[in-house]
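Asks: Contents of target24.txt (compact mmCIF, C-alpha atoms) are below:
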# COMPACT_ATOMS: atom_id res chain seq x y z
CA MET V 407 10.11 -1.83 -30.99
CA HIS V 408 6.40 -2.65 -30.99
CA ASN V 409 3.99 -0.09 -29.60
CA THR V 410 2.36 -2.45 -27.10
CA LYS V 411 0.45 0.39 -25.47
CA GLY V 412 -1.17 1.33 -28.78
CA ILE V 413 -1.98 -2.30 -29.56
CA LYS V 414 -3.56 -2.76 -26.13
CA GLU V 415 -5.68 0.40 -26.44
CA LYS V 416 -6.79 -0.62 -29.93
CA GLY V 417 -7.79 -4.07 -28.67
CA ILE V 418 -9.84 -2.67 -25.80
CA LYS V 419 -11.51 -0.10 -28.04
CA GLU V 420 -12.46 -2.81 -30.54
CA TYR V 421 -13.75 -4.98 -27.68
CA VAL V 422 -16.04 -2.22 -26.41
CA GLN V 423 -17.25 -1.33 -29.90
CA SER V 424 -18.05 -4.98 -30.63
CA LEU V 425 -19.92 -5.27 -27.35
CA MET V 426 -22.07 -2.23 -28.09
CA ALA V 427 -22.79 -3.51 -31.63
CA SER V 428 -23.58 -7.04 -30.46
CA GLU V 429 -27.10 -8.31 -31.20
CA ARG V 430 -27.05 -10.33 -27.98
CA LEU V 431 -25.54 -7.83 -25.53
CA GLY V 432 -25.57 -4.42 -27.22
CA ASP V 433 -29.02 -3.42 -25.94
CA GLN V 434 -27.90 -4.20 -22.39
CA VAL V 435 -25.23 -1.47 -22.43
CA VAL V 436 -26.81 1.52 -20.69
CA HIS V 437 -23.78 3.81 -20.46
CA HIS V 438 -20.23 4.05 -21.82
CA MET V 439 -17.65 6.68 -21.02
CA VAL V 440 -13.90 7.07 -21.49
CA ILE V 441 -11.56 8.55 -18.89
CA PRO V 442 -8.59 9.93 -20.86
CA ASP V 443 -5.02 8.98 -20.06
CA HIS V 444 -2.55 11.37 -18.45
CA PRO V 445 1.26 11.43 -18.25
CA PRO V 446 3.23 11.20 -15.00
CA ILE V 447 3.63 14.32 -12.88
CA LEU V 448 7.11 14.28 -11.34
CA SER V 449 8.47 16.27 -8.43
CA LYS V 450 11.30 16.38 -5.89
CA PRO V 451 11.09 16.29 -2.10
CA GLY V 452 11.85 19.55 -0.32
CA LYS V 453 14.99 18.14 1.29
CA PRO V 454 17.54 16.18 -0.79
CA TRP V 455 18.00 12.49 -0.04
CA PRO V 456 21.23 11.12 1.44
CA GLU V 457 23.52 9.65 -1.21
CA GLN V 458 22.66 6.09 -0.14
CA ILE V 459 18.96 6.70 -0.74
CA LYS V 460 19.72 8.32 -4.10
CA THR V 461 21.60 5.14 -5.05
CA ILE V 462 18.60 2.99 -4.12
CA ILE V 463 16.25 5.14 -6.19
CA LYS V 464 18.59 5.15 -9.18
CA SER V 465 19.25 1.40 -8.98
CA ALA V 466 15.51 0.74 -9.01
CA GLY V 467 15.29 2.54 -12.36
CA ILE V 468 13.33 5.42 -10.85
CA HIS V 469 14.09 8.73 -12.56
CA GLY V 470 12.03 10.83 -10.20
CA LEU V 471 9.25 10.67 -7.64
CA TYR V 472 5.68 11.27 -8.63
CA GLN V 473 4.10 14.43 -7.25
CA HIS V 474 2.09 12.58 -4.59
CA GLN V 475 5.17 10.59 -3.51
CA ALA V 476 7.28 13.73 -3.06
CA ASP V 477 4.49 15.51 -1.15
CA ALA V 478 3.93 12.48 1.08
CA VAL V 479 7.63 12.07 1.82
CA ASP V 480 7.89 15.73 2.85
CA LEU V 481 5.03 15.30 5.33
CA ILE V 482 6.42 12.06 6.76
CA ARG V 483 9.92 13.48 7.18
CA SER V 484 8.44 16.40 9.11
CA GLY V 485 6.69 13.99 11.49
CA ARG V 486 3.15 14.54 10.21
CA HIS V 487 0.66 11.69 10.35
CA LEU V 488 -0.56 10.89 6.87
CA VAL V 489 -3.03 8.82 4.87
CA VAL V 490 -2.28 8.20 1.20
CA ALA V 491 -5.33 7.12 -0.80
CA THR V 492 -4.25 6.77 -4.41
CA PRO V 493 -4.94 4.08 -7.03
CA THR V 494 -3.27 0.68 -7.09
CA ALA V 495 0.27 0.65 -8.54
CA SER V 496 0.80 4.35 -7.82
CA GLY V 497 3.92 3.71 -5.73
CA LYS V 498 2.61 3.86 -2.16
CA THR V 499 5.23 1.40 -0.86
CA LEU V 500 8.07 3.73 -1.80
CA ILE V 501 6.41 6.53 0.17
CA TYR V 502 7.10 4.87 3.51
CA ASN V 503 10.07 2.63 2.69
CA LEU V 504 12.35 5.53 1.75
CA PRO V 505 11.80 7.52 5.00
CA VAL V 506 12.19 4.31 7.02
CA LEU V 507 15.52 3.59 5.32
CA GLU V 508 16.59 7.17 5.91
CA ASN V 509 15.75 6.84 9.62
CA MET V 510 17.81 3.66 9.82
CA LEU V 511 20.78 5.34 8.15
CA LYS V 512 20.63 8.13 10.72
CA ASN V 513 20.04 5.78 13.64
CA PRO V 514 20.76 2.02 13.31
CA GLU V 515 18.46 1.43 16.31
CA SER V 516 15.46 3.01 14.58
CA LYS V 517 12.40 0.77 14.45
CA ALA V 518 9.30 0.62 12.24
CA LEU V 519 6.10 -1.39 12.55
CA TYR V 520 4.31 -2.46 9.36
CA ILE V 521 0.74 -3.72 9.83
CA PHE V 522 -0.90 -5.78 7.08
CA PRO V 523 -4.30 -7.53 7.04
CA LEU V 524 -2.98 -10.45 4.94
CA LYS V 525 0.10 -12.67 5.28
CA ALA V 526 0.82 -12.54 1.55
CA LEU V 527 1.14 -8.76 1.68
CA ALA V 528 3.71 -9.00 4.46
CA GLN V 529 5.75 -11.52 2.48
CA ASP V 530 5.73 -9.25 -0.58
CA GLN V 531 6.80 -6.24 1.44
CA MET V 532 9.65 -8.09 3.09
CA SER V 533 11.00 -9.15 -0.30
CA THR V 534 10.69 -5.59 -1.62
CA PHE V 535 12.48 -4.05 1.34
CA LYS V 536 15.29 -6.60 1.38
CA GLU V 537 15.91 -6.01 -2.30
CA MET V 538 16.09 -2.27 -1.75
CA ALA V 539 18.31 -2.30 1.33
CA GLU V 540 20.53 -5.34 1.05
CA THR V 541 21.10 -5.89 -2.66
CA HIS V 542 23.04 -2.65 -2.98
CA GLY V 543 25.02 -3.19 0.22
CA LEU V 544 24.01 0.16 1.63
CA MET V 545 23.44 -1.05 5.16
CA LYS V 546 25.41 -3.53 7.22
CA GLU V 547 22.57 -5.48 8.77
CA PRO V 548 19.13 -4.00 8.08
CA THR V 549 16.90 -6.48 9.87
CA ILE V 550 13.31 -7.18 8.94
CA GLU V 551 11.12 -9.97 10.30
CA ILE V 552 7.58 -11.26 9.96
CA TYR V 553 5.74 -11.97 13.20
CA ASP V 554 2.45 -13.77 12.61
CA GLY V 555 0.59 -16.99 13.36
CA ASP V 556 3.05 -19.02 11.26
CA THR V 557 6.08 -17.82 13.20
CA THR V 558 7.43 -20.63 15.39
CA ALA V 559 7.67 -20.23 19.16
CA TRP V 560 11.47 -20.33 18.97
CA HIS V 561 11.56 -17.67 16.27
CA ARG V 562 9.11 -15.46 18.19
CA LYS V 563 11.33 -15.58 21.25
CA ARG V 564 14.37 -14.68 19.16
CA ILE V 565 12.54 -11.72 17.59
CA ARG V 566 11.46 -10.41 21.00
CA GLU V 567 14.96 -10.69 22.42
CA ALA V 568 16.62 -9.06 19.41
CA PRO V 569 13.93 -6.97 17.72
CA PRO V 570 14.47 -6.12 14.05
CA ASN V 571 14.53 -2.67 12.53
CA ILE V 572 11.24 -3.46 10.82
CA LEU V 573 8.56 -5.78 12.15
CA LEU V 574 5.82 -6.93 9.78
CA THR V 575 2.71 -8.19 11.55
CA ASN V 576 -1.08 -8.01 11.73
CA PRO V 577 -3.66 -6.57 14.17
CA GLU V 578 -4.20 -9.90 15.93
CA MET V 579 -0.52 -10.35 16.82
CA ILE V 580 -0.27 -6.75 18.01
CA HIS V 581 -3.22 -7.40 20.30
CA LEU V 582 -2.13 -10.83 21.54
CA SER V 583 1.63 -10.37 21.79
CA LEU V 584 3.10 -6.90 21.39
CA LEU V 585 0.61 -5.06 23.57
CA ALA V 586 -0.34 -7.82 26.00
CA HIS V 587 3.34 -8.52 26.74
CA HIS V 588 4.79 -5.11 25.95
CA ARG V 589 7.57 -5.34 28.53
CA LYS V 590 9.12 -8.14 26.48
CA TRP V 591 9.08 -5.71 23.54
CA ALA V 592 10.52 -2.74 25.42
CA ASP V 593 13.58 -2.41 23.16
CA PHE V 594 11.37 -2.35 20.10
CA PHE V 595 8.91 0.23 21.44
CA CYS V 596 11.68 2.51 22.72
CA GLY V 597 13.05 2.90 19.19
CA LEU V 598 9.75 2.97 17.30
CA ASP V 599 9.76 5.87 14.83
CA MET V 600 7.10 4.87 12.32
CA VAL V 601 3.92 2.81 12.15
CA VAL V 602 2.60 1.88 8.70
CA VAL V 603 -0.97 0.63 8.36
CA ASP V 604 -1.49 -0.82 4.90
CA GLU V 605 -4.88 -1.47 3.26
CA VAL V 606 -6.50 0.74 5.89
CA HIS V 607 -9.78 0.78 3.93
CA THR V 608 -10.33 -2.86 4.99
CA TYR V 609 -10.76 -1.81 8.63
CA ARG V 610 -14.45 -1.01 8.75
CA GLY V 611 -17.47 -2.30 10.61
CA ILE V 612 -16.68 -4.62 13.52
CA MET V 613 -13.11 -5.07 12.31
CA GLY V 614 -12.72 -1.29 12.20
CA SER V 615 -13.94 -0.95 15.79
CA HIS V 616 -11.49 -3.63 16.89
CA MET V 617 -8.65 -1.97 15.01
CA ALA V 618 -9.43 1.43 16.52
CA GLN V 619 -9.00 0.00 20.02
CA VAL V 620 -5.78 -1.80 19.04
CA LEU V 621 -4.25 1.38 17.61
CA ARG V 622 -5.25 3.43 20.64
CA ARG V 623 -3.65 0.86 22.92
CA LEU V 624 -0.58 0.93 20.69
CA ARG V 625 -0.35 4.70 21.06
CA ARG V 626 -0.67 4.42 24.83
CA ILE V 627 2.13 1.82 25.02
CA CYS V 628 4.34 3.96 22.77
CA SER V 629 3.78 6.89 25.11
CA PHE V 630 4.72 4.69 28.07
CA TYR V 631 8.10 4.04 26.41
CA ARG V 632 8.42 7.71 25.39
CA ALA V 633 8.13 6.92 21.71
CA ASP V 634 6.19 9.18 19.37
CA PRO V 635 5.98 7.35 16.03
CA THR V 636 4.65 8.85 12.83
CA PHE V 637 1.61 6.99 11.53
CA VAL V 638 1.33 6.39 7.78
CA PHE V 639 -1.86 4.89 6.37
CA CYS V 640 -2.14 3.51 2.85
CA SER V 641 -5.51 3.00 1.25
CA ALA V 642 -7.24 2.29 -1.99
CA THR V 643 -9.32 5.15 -3.33
CA VAL V 644 -12.11 5.77 -0.80
CA SER V 645 -14.38 8.75 -0.21
CA ASN V 646 -13.27 9.64 3.32
CA PRO V 647 -9.67 8.46 3.97
CA SER V 648 -8.82 11.23 6.43
CA GLN V 649 -11.95 10.66 8.52
CA LEU V 650 -11.29 6.92 8.57
CA ALA V 651 -7.68 7.31 9.74
CA GLN V 652 -8.68 9.84 12.38
CA GLN V 653 -11.44 7.60 13.73
CA LEU V 654 -9.03 4.67 13.93
CA THR V 655 -6.38 6.56 15.89
CA GLY V 656 -7.79 9.78 17.32
CA LEU V 657 -4.96 11.62 15.56
CA THR V 658 -5.04 14.59 13.21
CA VAL V 659 -4.06 13.11 9.85
CA ASP V 660 -3.03 14.82 6.62
CA THR V 661 -4.41 13.41 3.38
CA ILE V 662 -3.07 12.85 -0.13
CA THR V 663 -5.57 11.62 -2.70
CA LYS V 664 -4.37 13.03 -6.02
CA SER V 665 -1.97 10.71 -7.81
CA GLY V 666 0.90 11.89 -9.99
CA ALA V 667 1.42 8.42 -11.46
CA PRO V 668 0.72 7.92 -15.16
CA MET V 669 -2.64 6.45 -16.08
CA GLY V 670 -3.83 4.88 -19.28
CA ALA V 671 -7.23 5.57 -20.78
CA LYS V 672 -10.13 3.75 -19.11
CA HIS V 673 -13.41 2.60 -20.63
CA LEU V 674 -16.31 2.39 -18.17
CA VAL V 675 -19.21 0.29 -19.41
CA PHE V 676 -22.43 -0.06 -17.42
CA MET V 677 -24.79 -2.90 -18.27
CA ASN V 678 -28.26 -4.02 -17.26
CA PRO V 679 -27.93 -7.80 -17.82
CA VAL V 680 -31.01 -9.64 -19.02
CA GLN V 681 -29.67 -13.14 -18.25
CA GLY V 682 -28.32 -12.16 -14.85
CA PRO V 683 -24.89 -10.81 -13.88
CA ALA V 684 -23.09 -14.16 -13.66
CA GLN V 685 -24.03 -15.42 -17.14
CA THR V 686 -23.33 -12.01 -18.69
CA ALA V 687 -19.94 -11.80 -16.97
CA ILE V 688 -19.02 -15.20 -18.44
CA LEU V 689 -19.88 -14.00 -21.94
CA LEU V 690 -17.84 -10.82 -21.46
CA LEU V 691 -14.90 -12.84 -20.16
CA LYS V 692 -15.01 -15.23 -23.11
CA ALA V 693 -15.00 -12.31 -25.54
CA ALA V 694 -12.02 -10.72 -23.79
CA LEU V 695 -10.02 -13.95 -23.70
CA HIS V 696 -10.81 -14.59 -27.37
CA ARG V 697 -9.08 -11.27 -28.13
CA GLY V 698 -6.12 -12.05 -25.90
CA LEU V 699 -6.94 -9.26 -23.44
CA ARG V 700 -5.56 -9.67 -19.93
CA THR V 701 -8.65 -9.81 -17.76
CA ILE V 702 -9.54 -9.86 -14.07
CA VAL V 703 -12.99 -10.84 -12.85
CA TYR V 704 -14.04 -9.85 -9.33
CA THR V 705 -16.76 -11.82 -7.58
CA GLN V 706 -18.16 -12.47 -4.13
CA SER V 707 -16.25 -15.27 -2.41
Turn the structure described in the file into structure tokens.
Replies:
Amino acid sequence: MHNTKGIKEKGIKEYVQSLMASERLGDQVVHHMVIPDHPPILSKPGKPWPEQIKTIIKSAGIHGLYQHQADAVDLIRSGRHLVVATPTASGKTLIYNLPVLENMLKNPESKALYIFPLKALAQDQMSTFKEMAETHGLMKEPTIEIYDGDTTAWHRKRIREAPPNILLTNPEMIHLSLLAHHRKWADFFCGLDMVVVDEVHTYRGIMGSHMAQVLRRLRRICSFYRADPTFVFCSATVSNPSQLAQQLTGLTVDTITKSGAPMGAKHLVFMNPVQGPAQTAILLLKAALHRGLRTIVYTQS
């Protein structure tokens, strides 16, 4: 078996060394540092999972939860509001999907509301959840639906009349439909046990002010139907995740920021481009592609 990790690290190291030795770009490198890799830190939740959940975890090829996942699950299962701000690909989806599945196993009428800023994220999450719950035949009819601007009028009516266990939507639809016409959603609100707000770091500025009012209205409607859902916020790494979540909801929110997921070594290179950032970025991209390095370029759109 080829050591692809070693080959990748060697390629990146050579790329950085060549950049710093380059006659054209080397003088523009003002700082270079390496963040070392670290292995996964595994843990177990305080309370064992039901056998059905254990089967899901095992079937997914997961040998154990990372430390931050286990800690987060313990807080969620105890009804604590939580914000998880860990790096991308650290397993945040599992943190809320497993407790939601557990709630549904205990009570088939349990409901969860997943809020996403983008339609593509909702589609991805629906596929992930269906694969977890239905592929292994662990639940008879775990229902999950997307309710957004693309949902037809007929389908919207059907969702309202027979609400799913999990509803995936966005702030606009919560404002325009769920809250404005909450009596049509009474069955859903009465069983609402969990609210998941993904990509919470995107709710800032004017959008953040709007979202804060939407979430406060949501809490008021939940109280009207005697529901007391646990709020789970997922975020990229930001400096003040707890403060952000508290300002959005008015709730006291626990925070998890330290990831137990494995991380490869990272090279950070700071440059002062002479030809301008765009032209320099093109040169860096060409050099990376020439070496066969998988590369992502972020830019203003």
Asks: Excluding Ser641 of chain V and residues on its chain fewer than 6 positions from it, collect all residues at most 6 Å away from it, counting all atoms listed in the file, and give them as a VMD selection string.
Replies: chain V and resid 491 605 to 607
Asks: How far is it from atom CA of Asn503 of chain V to atom CA of Phe535 of chain V, in Å with one decimal?
Replies: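 A separation of 7.2 Å between them.
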Asks: Can you work out the spacing between atom CA of Gly467 of chain V and atom CA of Leu507 of chain V in Å, to one decimal?
Replies: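 If I compute the distance from atom CA of Gly467 of chain V to atom CA of Leu507 of chain V, I get 17.7 Å.
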Asks: Would you list the contacts of segment 441-450 of chain V as an mmCIF file with C-alpha atoms, keeping the file's coordinate frame, taking every protein, DNA or RNA residue within 6 Å and counting all atoms listed in the file, but skipping same-chain residues closer than 2 positions in sequence?
Replies:
data_model
loop_
_atom_site.group_PDB
_atom_site.id
_atom_site.type_symbol
_atom_site.label_atom_id
_atom_site.label_comp_id
_atom_site.auth_asym_id
_atom_site.auth_seq_id
_atom_site.Cartn_x
_atom_site.Cartn_y
_atom_site.Cartn_z
ATOM 1 C CA LEU V 471 9.250 10.670 -7.640
ATOM 2 C CA TYR V 472 5.680 11.270 -8.630
ATOM 3 C CA GLN V 473 4.100 14.430 -7.250
ATOM 4 C CA ALA V 476 7.280 13.730 -3.060
ATOM 5 C CA GLY V 666 0.900 11.890 -9.990
ATOM 6 C CA ALA V 667 1.420 8.420 -11.460
ATOM 7 C CA PRO V 668 0.720 7.920 -15.160
ATOM 8 C CA MET V 669 -2.640 6.450 -16.080
ATOM 9 C CA GLY V 670 -3.830 4.880 -19.280
ATOM 10 C CA ALA V 671 -7.230 5.570 -20.780
ATOM 11 C CA LYS V 672 -10.130 3.750 -19.110
#
Asks: Counting all atoms listed in the file, which residues have an atom no more than 12 Å from (-11.0, 9.1, 4.9) in the file's coordinates? Please list them as number ranges by chain.
Replies: V: 488-492, 606-610, 639-654, 658-663
Asks: For the residues selected in the previous step, produce a file with C-alpha atoms as an mmCIF file, keeping the file's coordinate frame.
Replies:
data_model
loop_
_atom_site.group_PDB
_atom_site.id
_atom_site.type_symbol
_atom_site.label_atom_id
_atom_site.label_comp_id
_atom_site.auth_asym_id
_atom_site.auth_seq_id
_atom_site.Cartn_x
_atom_site.Cartn_y
_atom_site.Cartn_z
ATOM 1 C CA LEU V 488 -0.560 10.890 6.870
ATOM 2 C CA VAL V 489 -3.030 8.820 4.870
ATOM 3 C CA VAL V 490 -2.280 8.200 1.200
ATOM 4 C CA ALA V 491 -5.330 7.120 -0.800
ATOM 5 C CA THR V 492 -4.250 6.770 -4.410
ATOM 6 C CA VAL V 606 -6.500 0.740 5.890
ATOM 7 C CA HIS V 607 -9.780 0.780 3.930
ATOM 8 C CA THR V 608 -10.330 -2.860 4.990
ATOM 9 C CA TYR V 609 -10.760 -1.810 8.630
ATOM 10 C CA ARG V 610 -14.450 -1.010 8.750
ATOM 11 C CA PHE V 639 -1.860 4.890 6.370
ATOM 12 C CA CYS V 640 -2.140 3.510 2.850
ATOM 13 C CA SER V 641 -5.510 3.000 1.250
ATOM 14 C CA ALA V 642 -7.240 2.290 -1.990
ATOM 15 C CA THR V 643 -9.320 5.150 -3.330
ATOM 16 C CA VAL V 644 -12.110 5.770 -0.800
ATOM 17 C CA SER V 645 -14.380 8.750 -0.210
ATOM 18 C CA ASN V 646 -13.270 9.640 3.320
ATOM 19 C CA PRO V 647 -9.670 8.460 3.970
ATOM 20 C CA SER V 648 -8.820 11.230 6.430
ATOM 21 C CA GLN V 649 -11.950 10.660 8.520
ATOM 22 C CA LEU V 650 -11.290 6.920 8.570
ATOM 23 C CA ALA V 651 -7.680 7.310 9.740
ATOM 24 C CA GLN V 652 -8.680 9.840 12.380
ATOM 25 C CA GLN V 653 -11.440 7.600 13.730
ATOM 26 C CA LEU V 654 -9.030 4.670 13.930
ATOM 27 C CA THR V 658 -5.040 14.590 13.210
ATOM 28 C CA VAL V 659 -4.060 13.110 9.850
ATOM 29 C CA ASP V 660 -3.030 14.820 6.620
ATOM 30 C CA THR V 661 -4.410 13.410 3.380
ATOM 31 C CA ILE V 662 -3.070 12.850 -0.130
ATOM 32 C CA THR V 663 -5.570 11.620 -2.700
#
Asks: Looking at V:Leu519, V:Leu624, V:Met613, V:Val638, which one is nearest to Leu582 of chain V, with distances taken over all atoms listed in the file?
Replies: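 So, comparing all the options, the nearest one is V:Leu624.
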Asks: Take every atom of segment 548-555 of chain V listed in the file, pad by 4 Å on each side, and give me the axis-aligned box centre and edge lengths in Å, one decimal, as AutoDock Vina command-line options.
Replies:
--center_x 9.9 --center_y -10.5 --center_z 10.7 --size_x 26.5 --size_y 21.0 --size_z 13.3
Asks: As an exercise, work out the distance from atom CA of Ala539 of chain V to atom CA of Ile462 of chain V in Å and give it to one decimal place.
Replies: 7.6 Å
Asks: Taking 3 positions as the minimum chain separation for residues in the same chain, which residues sit within 8 Å of Ala518 of chain V when counting all atoms listed in the file? Answer as an mmCIF file with C-alpha atoms, keeping the file's coordinate frame.
Replies:
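selection-v3.cif, written as the output of this step:
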data_model
loop_
_atom_site.group_PDB
_atom_site.id
_atom_site.type_symbol
_atom_site.label_atom_id
_atom_site.label_comp_id
_atom_site.auth_asym_id
_atom_site.auth_seq_id
_atom_site.Cartn_x
_atom_site.Cartn_y
_atom_site.Cartn_z
ATOM 1 C CA VAL V 506 12.190 4.310 7.020
ATOM 2 C CA ASN V 571 14.530 -2.670 12.530
ATOM 3 C CA ILE V 572 11.240 -3.460 10.820
ATOM 4 C CA LEU V 573 8.560 -5.780 12.150
ATOM 5 C CA LEU V 598 9.750 2.970 17.300
ATOM 6 C CA ASP V 599 9.760 5.870 14.830
ATOM 7 C CA MET V 600 7.100 4.870 12.320
ATOM 8 C CA VAL V 601 3.920 2.810 12.150
ATOM 9 C CA VAL V 602 2.600 1.880 8.700
#
Asks: Pull segment 578-591 of chain V out of the block and emit N, CA and C atoms, as a compact mmCIF listing (two decimals), in the first residue's frame.
Replies:
# COMPACT_ATOMS: atom_id res chain seq x y z
N GLU V 578 -35.61 32.44 5.97
CA GLU V 578 -36.70 33.11 5.27
C GLU V 578 -38.00 32.32 5.37
N MET V 579 -37.93 31.01 5.20
CA MET V 579 -39.14 30.19 5.26
C MET V 579 -39.67 30.09 6.68
N ILE V 580 -38.79 30.13 7.67
CA ILE V 580 -39.26 30.15 9.06
C ILE V 580 -40.05 31.43 9.30
N HIS V 581 -39.52 32.54 8.81
CA HIS V 581 -40.18 33.84 8.97
C HIS V 581 -41.51 33.90 8.22
N LEU V 582 -41.50 33.48 6.96
CA LEU V 582 -42.67 33.65 6.10
C LEU V 582 -43.75 32.60 6.29
N SER V 583 -43.37 31.40 6.71
CA SER V 583 -44.34 30.31 6.77
C SER V 583 -44.54 29.76 8.18
N LEU V 584 -43.48 29.21 8.76
CA LEU V 584 -43.64 28.52 10.04
C LEU V 584 -44.14 29.43 11.15
N LEU V 585 -43.57 30.62 11.24
CA LEU V 585 -43.95 31.53 12.32
C LEU V 585 -45.19 32.34 11.98
N ALA V 586 -45.27 32.81 10.74
CA ALA V 586 -46.42 33.63 10.34
C ALA V 586 -47.72 32.82 10.36
N HIS V 587 -47.63 31.52 10.09
CA HIS V 587 -48.81 30.66 10.05
C HIS V 587 -48.61 29.47 11.00
N HIS V 588 -48.19 29.79 12.22
CA HIS V 588 -47.78 28.73 13.14
C HIS V 588 -48.90 27.77 13.51
N ARG V 589 -50.15 28.21 13.44
CA ARG V 589 -51.25 27.30 13.80
C ARG V 589 -51.34 26.14 12.81
N LYS V 590 -50.93 26.38 11.57
CA LYS V 590 -50.91 25.28 10.59
C LYS V 590 -49.77 24.30 10.87
N TRP V 591 -48.83 24.72 11.71
CA TRP V 591 -47.68 23.89 12.06
C TRP V 591 -47.76 23.40 13.50
